[in-house]
$ cat my_file-v4.tsv   # TSV, C-alpha atoms
chain	number	residue	atom	x	y	z
B	288	MET	CA	-14.41	10.22	73.44
B	289	SER	CA	-17.95	10.30	72.51
B	290	LYS	CA	-17.41	13.42	70.54
B	291	PHE	CA	-15.31	11.62	67.93
B	292	LYS	CA	-17.14	8.41	68.00
B	293	ASN	CA	-18.12	7.15	64.60
B	294	SER	CA	-21.78	6.76	64.46
B	295	ASP	CA	-22.64	3.64	62.53
B	296	LYS	CA	-25.88	5.14	61.50
B	297	LYS	CA	-24.34	7.55	59.01
B	298	GLU	CA	-23.72	6.29	55.52
B	299	VAL	CA	-21.16	7.58	53.08
B	300	PRO	CA	-23.13	9.70	50.62
B	301	ALA	CA	-23.16	8.38	47.08
B	302	ILE	CA	-20.86	10.21	44.72
B	303	THR	CA	-22.91	11.97	42.11
B	304	SER	CA	-21.91	10.59	38.77
B	305	SER	CA	-24.22	12.79	36.77
B	306	SER	CA	-21.40	15.13	35.80
B	307	LEU	CA	-19.33	12.24	34.54
B	308	SER	CA	-21.42	12.07	31.41
B	309	ASP	CA	-20.83	15.76	30.82
B	310	ILE	CA	-17.10	15.21	30.91
B	311	VAL	CA	-17.34	12.33	28.49
B	312	PHE	CA	-19.56	14.35	26.20
B	313	MET	CA	-16.97	17.08	26.20
B	314	LEU	CA	-14.36	14.52	25.12
B	315	LEU	CA	-16.75	13.28	22.49
B	316	PHE	CA	-17.26	16.74	21.03
B	317	PHE	CA	-13.53	17.31	21.02
B	318	PHE	CA	-13.00	14.22	18.94
B	319	MET	CA	-15.92	14.96	16.68
B	320	VAL	CA	-14.53	18.39	15.88
B	321	THR	CA	-10.88	17.49	15.46
B	322	THR	CA	-11.28	14.35	13.44
B	323	GLN	CA	-12.85	13.50	10.17
B	324	LEU	CA	-14.58	10.35	9.07
B	325	ARG	CA	-12.38	7.73	7.62
B	326	GLU	CA	-13.60	7.24	4.13
B	327	THR	CA	-11.60	4.39	2.84
B	328	GLU	CA	-9.97	1.31	4.04
B	329	ASN	CA	-6.34	0.98	3.23
B	330	LYS	CA	-5.64	-1.84	0.87
B	331	VAL	CA	-2.05	-0.99	0.25
B	332	MET	CA	0.76	-0.69	2.71
B	333	VAL	CA	2.02	2.84	2.72
B	334	LYS	CA	4.98	4.05	4.69
B	335	ILE	CA	5.26	7.62	3.61
B	336	PRO	CA	8.73	9.12	3.27
B	337	GLN	CA	10.19	11.75	5.54
B	338	ALA	CA	10.67	15.36	4.60
B	339	SER	CA	11.73	18.15	6.89
B	340	GLU	CA	10.06	20.86	4.83
B	341	ALA	CA	6.63	19.28	4.79
B	342	VAL	CA	3.80	21.73	5.20
B	343	LYS	CA	0.24	21.27	6.32
B	344	LEU	CA	-2.47	20.52	3.86
B	345	GLU	CA	-4.71	23.54	4.10
B	346	ARG	CA	-8.13	22.26	3.16
B	347	LYS	CA	-8.42	18.66	4.19
B	348	ASP	CA	-11.97	18.46	2.89
B	349	LEU	CA	-10.82	19.41	-0.60
B	350	ALA	CA	-8.33	16.64	-0.94
B	351	ALA	CA	-8.53	13.56	-3.09
B	352	TYR	CA	-6.32	10.71	-2.09
B	353	ILE	CA	-4.37	8.37	-4.29
B	354	ASN	CA	-2.63	5.59	-2.45
B	355	ILE	CA	0.22	3.76	-4.07
B	356	GLY	CA	2.03	0.82	-2.58
B	357	THR	CA	2.17	-2.93	-2.30
B	358	PRO	CA	-1.09	-4.65	-1.35
B	359	ILE	CA	-1.55	-5.54	2.30
B	360	LYS	CA	-0.55	-9.03	3.44
B	361	SER	CA	-4.00	-10.55	3.27
B	362	LEU	CA	-4.48	-9.42	-0.32
B	363	GLN	CA	-1.07	-10.36	-1.60
B	364	ALA	CA	-2.17	-13.84	-2.58
B	365	GLN	CA	-4.77	-12.32	-4.85
B	366	TYR	CA	-2.99	-9.27	-6.20
B	367	GLY	CA	0.70	-10.05	-5.87
B	368	THR	CA	3.33	-7.84	-4.38
B	369	ASP	CA	3.76	-5.30	-7.16
B	370	ALA	CA	2.91	-1.72	-6.34
B	371	ARG	CA	-0.72	-0.94	-7.06
B	372	ILE	CA	-2.83	2.18	-7.20
B	373	GLN	CA	-5.73	2.38	-4.78
B	374	LEU	CA	-8.52	4.81	-5.47
B	375	ASN	CA	-11.33	4.94	-2.95
B	376	ASP	CA	-11.81	1.38	-1.89
B	377	SER	CA	-10.40	-0.72	-4.64
B	378	PHE	CA	-7.39	-1.33	-6.78
B	379	LYS	CA	-7.45	0.59	-9.99
B	380	THR	CA	-5.24	1.12	-12.95
B	381	LYS	CA	-3.97	4.46	-14.09
B	382	GLU	CA	-6.67	4.65	-16.72
B	383	ASP	CA	-9.26	4.92	-13.96
B	384	ILE	CA	-7.71	8.05	-12.51
B	385	ARG	CA	-9.56	10.24	-14.97
B	386	ASP	CA	-12.95	9.00	-13.79
B	387	PHE	CA	-11.84	9.20	-10.20
B	388	ILE	CA	-10.77	12.82	-10.53
B	389	ALA	CA	-13.98	13.70	-12.32
B	390	ALA	CA	-16.02	12.10	-9.56
B	391	GLU	CA	-14.02	13.83	-6.86
B	392	ARG	CA	-14.46	17.16	-8.62
B	393	ASP	CA	-18.19	16.68	-8.79
B	394	SER	CA	-18.38	15.96	-5.10
B	395	LYS	CA	-16.83	19.30	-4.16
B	396	ALA	CA	-18.61	22.60	-4.07
B	397	GLU	CA	-18.39	24.52	-7.30
B	398	ALA	CA	-16.38	27.39	-5.86
B	399	ASP	CA	-13.81	25.09	-4.35
B	400	ARG	CA	-13.11	22.91	-7.35
B	401	ALA	CA	-10.09	24.89	-8.43
B	402	LEU	CA	-8.59	24.42	-5.00
B	403	MET	CA	-8.85	20.67	-5.01
B	404	THR	CA	-5.57	19.04	-4.08
B	405	VAL	CA	-4.65	15.56	-5.09
B	406	ASN	CA	-2.74	13.99	-2.27
B	407	ILE	CA	-0.37	11.31	-3.46
B	408	LYS	CA	0.31	8.89	-0.67
B	409	ALA	CA	2.99	6.63	-1.92
B	410	ASP	CA	5.14	4.13	-0.17
B	411	GLN	CA	8.76	5.16	0.11
B	412	ASP	CA	9.99	2.06	-1.69
B	413	VAL	CA	7.77	2.52	-4.70
B	414	ARG	CA	9.56	3.15	-7.98
B	415	MET	CA	9.03	6.48	-9.69
B	416	GLY	CA	7.68	4.87	-12.85
B	417	ILE	CA	4.20	4.37	-11.46
B	418	ILE	CA	4.20	7.83	-9.90
B	419	THR	CA	5.26	9.43	-13.16
B	420	ASP	CA	2.36	7.64	-14.85
B	421	VAL	CA	-0.02	8.97	-12.23
B	422	LYS	CA	1.37	12.47	-12.58
B	423	GLN	CA	1.00	12.39	-16.35
B	424	GLU	CA	-2.56	11.19	-15.97
B	425	LEU	CA	-3.31	13.98	-13.51
B	426	ARG	CA	-1.90	16.52	-15.92
B	427	ARG	CA	-4.12	15.13	-18.62
B	428	CYS	CA	-7.21	15.74	-16.52
B	429	SER	CA	-5.75	19.05	-15.40
B	430	ALA	CA	-5.71	18.29	-11.71
B	431	LEU	CA	-2.54	20.25	-11.27
B	432	LYS	CA	-2.47	20.92	-7.58
B	433	ILE	CA	-0.81	17.96	-5.99
B	434	MET	CA	0.86	17.15	-2.75
B	435	TYR	CA	3.37	14.47	-2.02
B	436	SER	CA	2.43	13.13	1.33
B	437	ALA	CA	5.35	13.13	3.71
B	438	ARG	CA	6.09	12.83	7.38
B	439	LYS	CA	7.53	15.81	9.10
B	440	ALA	CA	11.01	14.96	10.29
B	441	GLU	CA	12.75	16.98	12.90
O	17	MET	CA	-46.92	17.30	48.20
O	18	SER	CA	-46.27	14.26	50.13
O	19	LYS	CA	-43.93	12.35	47.85
O	20	LYS	CA	-40.75	13.63	46.26
O	21	THR	CA	-40.00	12.54	42.72
O	22	PRO	CA	-37.17	10.07	42.91
O	23	ALA	CA	-33.93	11.14	41.20
O	24	ILE	CA	-33.37	9.52	37.86
O	25	ASN	CA	-30.37	7.28	37.95
O	26	SER	CA	-27.98	8.97	35.55
O	27	SER	CA	-24.93	6.82	36.07
O	28	SER	CA	-25.49	5.00	32.79
O	29	THR	CA	-25.46	8.13	30.63
O	30	ALA	CA	-21.70	8.13	30.99
O	31	ASP	CA	-21.62	4.64	29.54
O	32	ILE	CA	-23.73	5.71	26.60
O	33	ALA	CA	-21.45	8.67	26.00
O	34	PHE	CA	-18.43	6.39	26.19
O	35	LEU	CA	-19.98	4.17	23.60
O	36	LEU	CA	-20.44	7.12	21.28
O	37	LEU	CA	-16.91	8.27	21.99
O	38	CYS	CA	-15.52	4.87	21.09
O	39	TYR	CA	-17.51	4.87	17.88
O	40	PHE	CA	-16.01	8.19	16.82
O	41	LEU	CA	-12.55	7.15	17.85
O	42	MET	CA	-12.77	4.10	15.62
O	43	THR	CA	-14.27	5.68	12.54
O	44	THR	CA	-12.38	8.93	12.31
O	45	THR	CA	-8.84	9.88	11.52
O	46	MET	CA	-6.88	12.48	13.29
O	47	GLY	CA	-3.60	14.07	12.51
O	48	THR	CA	-2.96	16.68	9.92
O	49	GLN	CA	-1.92	15.73	6.48
O	50	MET	CA	1.59	16.89	5.81
O	51	GLY	CA	3.43	16.94	2.57
O	52	LEU	CA	5.22	18.82	-0.14
O	53	SER	CA	2.92	20.93	-2.25
O	54	ARG	CA	3.56	21.09	-5.95
O	55	ARG	CA	1.92	22.45	-9.03
O	56	LEU	CA	2.15	20.33	-12.12
O	57	PRO	CA	2.67	22.05	-15.45
O	58	PRO	CA	-0.38	21.88	-17.70
O	59	MET	CA	-0.35	19.38	-20.52
O	60	PRO	CA	0.93	20.96	-23.72
O	61	ASP	CA	-1.68	21.32	-26.44
O	62	LYS	CA	-1.64	18.59	-29.02
O	63	ASP	CA	-2.17	20.84	-32.03
O	64	GLN	CA	0.41	23.27	-30.98
O	65	LYS	CA	3.86	22.04	-31.82
O	66	VAL	CA	5.84	22.91	-28.79
O	67	GLU	CA	9.34	23.90	-29.58
O	68	ASP	CA	11.48	23.57	-26.55
O	69	GLN	CA	11.18	26.73	-24.65
O	70	LYS	CA	14.48	28.42	-25.10
O	71	VAL	CA	15.64	29.02	-21.62
O	72	ASN	CA	19.06	30.47	-21.45
O	73	GLN	CA	21.56	27.77	-20.57
O	74	ARG	CA	22.85	29.65	-17.57
O	75	ASN	CA	19.37	29.98	-16.08
O	76	ILE	CA	18.71	26.32	-15.70
O	77	ILE	CA	20.14	23.67	-13.45
O	78	ILE	CA	19.22	20.11	-14.20
O	79	VAL	CA	19.00	17.85	-11.21
O	80	ARG	CA	18.89	14.25	-12.28
O	81	ILE	CA	18.29	11.16	-10.21
O	82	ASN	CA	19.15	7.93	-11.94
O	83	SER	CA	17.74	4.48	-11.36
O	84	SER	CA	20.23	3.69	-8.63
O	85	ASP	CA	19.31	6.89	-6.78
O	86	ARG	CA	22.51	8.71	-7.65
O	87	ILE	CA	22.07	12.45	-7.92
O	88	PHE	CA	23.57	14.62	-10.62
O	89	ALA	CA	23.42	18.38	-10.56
O	90	GLY	CA	24.36	19.86	-13.88
O	91	SER	CA	26.67	17.16	-15.16
O	92	GLU	CA	28.66	16.12	-12.14
O	93	PRO	CA	27.50	13.70	-9.45
O	94	ILE	CA	26.70	15.28	-6.13
O	95	GLU	CA	25.85	14.13	-2.64
O	96	LEU	CA	22.42	14.85	-1.24
O	97	SER	CA	23.94	16.88	1.58
O	98	GLN	CA	25.69	19.21	-0.86
O	99	LEU	CA	22.72	19.70	-3.11
O	100	LYS	CA	21.07	22.37	-0.98
O	101	ASP	CA	24.14	24.63	-0.92
O	102	LYS	CA	24.69	24.18	-4.62
O	103	VAL	CA	21.09	25.14	-5.36
O	104	LYS	CA	21.28	28.09	-3.01
O	105	ILE	CA	24.36	29.44	-4.74
O	106	PHE	CA	22.72	28.79	-8.08
O	107	LEU	CA	19.56	30.68	-7.16
O	108	SER	CA	21.14	33.58	-5.34
O	109	ASN	CA	24.24	34.05	-7.49
O	110	PRO	CA	25.89	36.28	-4.91
O	111	THR	CA	29.00	37.07	-6.93
O	112	GLY	CA	27.29	37.84	-10.23
O	113	ASP	CA	29.00	34.91	-11.92
O	114	PRO	CA	28.20	34.90	-15.65
O	115	SER	CA	27.71	31.14	-15.65
O	116	LEU	CA	24.99	31.38	-12.99
O	117	PRO	CA	21.46	32.70	-13.58
O	118	GLU	CA	20.89	36.29	-14.54
O	119	LYS	CA	18.70	38.57	-12.51
O	120	GLU	CA	15.88	40.74	-13.63
O	121	GLU	CA	14.71	43.91	-11.97
O	122	ILE	CA	11.07	43.40	-11.14
O	123	ASP	CA	8.82	45.95	-9.54
O	124	ILE	CA	7.21	44.13	-6.64
O	125	LYS	CA	4.01	45.73	-5.46
O	126	GLY	CA	4.37	47.12	-2.00
O	127	PHE	CA	8.10	46.64	-1.92
O	128	GLY	CA	9.78	48.27	-4.87
O	129	LYS	CA	12.35	47.13	-7.36
O	130	TYR	CA	14.25	43.98	-6.64
O	131	ALA	CA	16.60	41.89	-8.75
O	132	VAL	CA	14.85	38.56	-8.99
O	133	SER	CA	16.80	35.53	-10.07
O	134	LYS	CA	15.59	33.85	-13.25
O	135	GLY	CA	16.99	30.51	-12.24
O	136	VAL	CA	14.92	27.40	-12.81
O	137	ILE	CA	15.56	24.03	-11.27
O	138	SER	CA	14.64	21.19	-13.54
O	139	LEU	CA	14.15	17.89	-11.81
O	140	GLN	CA	14.44	14.75	-13.85
O	141	ASN	CA	14.07	11.21	-12.71
O	142	ASP	CA	14.20	7.73	-14.05
O	143	ARG	CA	11.35	5.25	-13.87
O	144	GLY	CA	13.48	3.15	-11.57
O	145	THR	CA	14.22	5.91	-9.09
O	146	SER	CA	12.86	5.16	-5.66
O	147	TYR	CA	10.19	7.46	-4.32
O	148	GLN	CA	12.14	8.00	-1.13
O	149	ALA	CA	15.13	9.41	-3.01
O	150	TYR	CA	12.85	11.57	-5.10
O	151	ILE	CA	11.16	13.08	-2.07
O	152	ALA	CA	14.52	13.56	-0.37
O	153	VAL	CA	15.72	15.59	-3.35
O	154	GLN	CA	12.46	17.54	-3.56
O	155	ASN	CA	12.85	18.28	0.12
O	156	GLU	CA	16.38	19.59	-0.33
O	157	LEU	CA	15.24	21.86	-3.14
O	158	VAL	CA	12.40	23.25	-1.05
O	159	LYS	CA	14.78	23.69	1.84
O	160	ALA	CA	17.15	25.71	-0.33
O	161	VAL	CA	14.33	28.02	-1.42
O	162	ASN	CA	12.99	28.31	2.11
O	163	GLU	CA	16.39	29.26	3.46
O	164	LEU	CA	16.81	31.91	0.79
O	165	ARG	CA	13.39	33.27	1.64
O	166	ASN	CA	14.31	33.35	5.26
O	167	GLU	CA	17.52	35.21	4.54
O	168	PHE	CA	15.64	37.71	2.42
O	169	THR	CA	13.05	38.24	5.13
O	170	MET	CA	15.70	38.65	7.79
O	171	ALA	CA	17.50	41.24	5.69
O	172	HIS	CA	14.43	43.29	4.78
O	173	PHE	CA	11.91	42.78	7.54
O	174	GLY	CA	14.14	41.74	10.41
O	175	LYS	CA	11.97	38.77	11.28
O	176	ARG	CA	11.67	35.13	10.40
O	177	TYR	CA	9.61	34.21	7.36
O	178	GLU	CA	6.97	32.44	9.43
O	179	SER	CA	6.31	35.46	11.62
O	180	ILE	CA	5.62	38.11	8.99
O	181	SER	CA	2.19	38.95	7.65
O	182	GLU	CA	0.65	37.26	4.65
O	183	ASP	CA	1.10	40.30	2.42
O	184	GLN	CA	4.75	40.41	3.27
O	185	GLN	CA	5.04	36.71	2.59
O	186	ASP	CA	3.62	37.32	-0.85
O	187	ILE	CA	6.33	39.89	-1.46
O	188	VAL	CA	8.98	37.42	-0.37
O	189	LYS	CA	7.48	34.75	-2.57
O	190	LYS	CA	7.77	37.08	-5.55
O	191	ALA	CA	11.31	38.10	-4.68
O	192	VAL	CA	12.47	34.53	-4.18
O	193	PRO	CA	10.33	32.39	-6.45
O	194	GLN	CA	10.21	28.63	-6.20
O	195	ASN	CA	10.79	27.57	-9.74
O	196	ILE	CA	11.02	23.83	-9.67
O	197	SER	CA	9.96	22.17	-12.86
O	198	GLU	CA	9.26	18.50	-12.94
O	199	ALA	CA	10.29	17.70	-16.43
O	200	GLU	CA	8.43	15.61	-18.96
O	201	PRO	CA	9.21	12.02	-18.22
O	202	LYS	CA	11.93	10.49	-20.26
O	203	ASN	CA	13.90	7.38	-19.82
O	204	VAL	CA	17.24	8.64	-18.74
O	205	GLY	CA	18.57	5.37	-17.52
O	206	LYS	CA	18.09	3.28	-20.64
O	207	LYS	CA	21.49	2.88	-22.12
$ encode --input "my_file-v4.tsv" --output "structure tokens"
Amino acid sequence: MSKFKNSDKKEVPAITSSSLSDIVFMLLFFFMVTTQLRETENKVMVKIPQASEAVKLERKDLAAYINIGTPIKSLQAQYGTDARIQLNDSFKTKEDIRDFIAAERDSKAEADRALMTVNIKADQDVRMGIITDVKQELRRCSALKIMYSARKAE
Amino acid sequence: MSKKTPAINSSSTADIAFLLLCYFLMTTTMGTQMGLSRRLPPMPDKDQKVEDQKVNQRNIIIVRINSSDRIFAGSEPIELSQLKDKVKIFLSNPTGDPSLPEKEEIDIKGFGKYAVSKGVISLQNDRGTSYQAYIAVQNELVKAVNELRNEFTMAHFGKRYESISEDQQDIVKKAVPQNISEAEPKNVGKK
């Protein structure tokens, strides 16, 4: 009896939580490595179309993004519901693309400038007219490498 | 040494790390960017009067999408599901049909001579075409080329296209080129 008697004197030892922070730090580093900083806030609603043959964008850091779509709900009162072009953080017209491309080019390393890809993120319900305009403008500033953003469909 | 140094309470470091973690979760984006890669043709020079490049009629297939998203290949309307097979037949020309593209013997480095099709797909769209339809058609065209590349790889290397080395992929790319031209915009639907 007395052999198995619980002695009230003994306390349960505290669980060491010092390794917990190491685990969390590991998670933190994982996310820091696999993600990249969000540069812009979306001002247009973009539901990108599906494509089964979509391939990965190779150099994410060398991409410039052009978003095309209808303004988000909270901005519709101000800008209407027509499809707009968003460059960086604001609505722009197609005439501004030239400056945008020039700025993006300048921000990349000299050796990588030829590899810069312009990623066109357009909503699937957008009409081609605006995209054709954008494409023509891109050709004019000789940013010829483009990518139509698409979801991989299986 | 009478007193031991008391252990520093480290339970809150986890909280600090969680805070940092949350910060990075909020401000970063994950997920790879996927899409269809394209190369735009350079703008023609203004001084230079461009006469329409004379491409032999048989070497070109015009895929048109009109403002109500109907697809035309050549002159007849076609369903999206049939487009891929049509393009594949056009590009490969298995029977040597004189109305389909001619082939040219090209010496591919590291492989040897191969009859490469001179077929070009010209994609035209209207300003009113929806982007979704446009991407769907682009996707079908890429799929046709990818399948041809896969067939070529299977026949000559005995493997799938994805599993061969980069040099070999370059050979395949030369043997089965992806010639999709996105034509100068014109208003096709205004009539």
$ interface_residues --input "my_file-v4.tsv" --of "chain B" --to "chain O" --cutoff "7 Å" --atoms "only C-alpha atoms" --output "CSV table (one decimal) with C-alpha atoms, in the coordinates of the input"
chain,number,residue,atom,x,y,z
B,304,SER,CA,-21.9,10.6,38.8
B,305,SER,CA,-24.2,12.8,36.8
B,307,LEU,CA,-19.3,12.2,34.5
B,308,SER,CA,-21.4,12.1,31.4
B,311,VAL,CA,-17.3,12.3,28.5
B,312,PHE,CA,-19.6,14.4,26.2
B,315,LEU,CA,-16.8,13.3,22.5
B,319,MET,CA,-15.9,15.0,16.7
B,321,THR,CA,-10.9,17.5,15.5
B,322,THR,CA,-11.3,14.4,13.4
B,323,GLN,CA,-12.8,13.5,10.2
B,324,LEU,CA,-14.6,10.4,9.1
B,325,ARG,CA,-12.4,7.7,7.6
B,336,PRO,CA,8.7,9.1,3.3
B,338,ALA,CA,10.7,15.4,4.6
B,339,SER,CA,11.7,18.2,6.9
B,340,GLU,CA,10.1,20.9,4.8
B,341,ALA,CA,6.6,19.3,4.8
B,342,VAL,CA,3.8,21.7,5.2
B,343,LYS,CA,0.2,21.3,6.3
B,344,LEU,CA,-2.5,20.5,3.9
B,411,GLN,CA,8.8,5.2,0.1
B,412,ASP,CA,10.0,2.1,-1.7
B,413,VAL,CA,7.8,2.5,-4.7
B,414,ARG,CA,9.6,3.2,-8.0
B,415,MET,CA,9.0,6.5,-9.7
B,416,GLY,CA,7.7,4.9,-12.8
B,419,THR,CA,5.3,9.4,-13.2
B,426,ARG,CA,-1.9,16.5,-15.9
B,427,ARG,CA,-4.1,15.1,-18.6
B,429,SER,CA,-5.8,19.0,-15.4
B,431,LEU,CA,-2.5,20.2,-11.3
B,432,LYS,CA,-2.5,20.9,-7.6
B,433,ILE,CA,-0.8,18.0,-6.0
B,434,MET,CA,0.9,17.2,-2.8
B,435,TYR,CA,3.4,14.5,-2.0
B,436,SER,CA,2.4,13.1,1.3
B,437,ALA,CA,5.4,13.1,3.7
B,438,ARG,CA,6.1,12.8,7.4
B,439,LYS,CA,7.5,15.8,9.1
$ residues_around --input "my_file-v4.tsv" --residues "region 129-138 of chain O" --least-positions-apart "2" --cutoff "7 Å" --atoms "all atoms listed in the file" --output "list in words"
Asn75, Ile76, Ile77, Ile78, Val79, Leu107, Ser108, Pro117, Glu118, Lys119, Glu120, Glu121, Ile122, Asp123, Ile124, Phe127, Gln140, Ala191, Val192, Asn195, Ile196, Ser197, Glu198 and Ala199 of chain O
$ atom_distance --input "my_file-v4.tsv" --atom1 "CA of Glu163 (chain O)" --atom2 "CA of Lys104 (chain O)"
8.2 Å
$ closest_residue --input "my_file-v4.tsv" --among "B:Ile359, B:Gln337, B:Asn354, B:Ile418" --to "Lys379 (chain B)" --atoms "all atoms listed in the file"
B:Asn354
$ atom_distance --input "my_file-v4.tsv" --atom1 "CA of Ser97 (chain O)" --atom2 "CA of Asp85 (chain O)"
13.8 Å
$ residues_near_point --input "my_file-v4.tsv" --point "(-8.5, -5.8, -2.9)" --cutoff "7 Å" --atoms "only C-alpha atoms" --output "PDB file with C-alpha atoms, in the frame of the given file"
ATOM      1  CA  LYS B 330      -5.640  -1.840   0.870  1.00  0.00           C
ATOM      2  CA  LEU B 362      -4.480  -9.420  -0.320  1.00  0.00           C
ATOM      3  CA  SER B 377     -10.400  -0.720  -4.640  1.00  0.00           C
ATOM      4  CA  PHE B 378      -7.390  -1.330  -6.780  1.00  0.00           C
TER       5      PHE B 378
END
$ atom_distance --input "my_file-v4.tsv" --atom1 "CA of Lys347 (chain B)" --atom2 "CA of Leu164 (chain O)"
28.7 Å
$ residues_around --input "my_file-v4.tsv" --residues "Ala396 (chain B)" --least-positions-apart "5" --cutoff "12 Å" --atoms "only C-alpha atoms" --output "list in words"
Asp348, Leu349, Glu391, Ala401, Leu402 and Met403 of chain B
$ write_last_selection --input "my_file-v4.tsv" --atoms "C-alpha atoms" --output "JSON list (two decimals), in the coordinates of the input"
[["chain", "number", "residue", "atom", "x", "y", "z"],
["B", 348, "ASP", "CA", -11.97, 18.46, 2.89],
["B", 349, "LEU", "CA", -10.82, 19.41, -0.60],
["B", 391, "GLU", "CA", -14.02, 13.83, -6.86],
["B", 401, "ALA", "CA", -10.09, 24.89, -8.43],
["B", 402, "LEU", "CA", -8.59, 24.42, -5.00],
["B", 403, "MET", "CA", -8.85, 20.67, -5.01]]
$ closest_residue --input "my_file-v4.tsv" --among "O:Ile81, O:Ala23, O:Ala171, O:Val161" --to "Leu96 (chain O)" --atoms "all atoms listed in the file"
O:Ile81
$ residues_around --input "my_file-v4.tsv" --residues "Arg385 (chain B)" --least-positions-apart "5" --cutoff "9 Å" --atoms "all atoms listed in the file" --output "list in words"
Ala390, Glu424, Leu425, Arg427 and Cys428 of chain B
$ closest_residue --input "my_file-v4.tsv" --among "B:Lys408, B:Ile335, B:Ala440, B:Ala350" --to "Ser394 (chain B)" --atoms "only C-alpha atoms"
B:Ala350
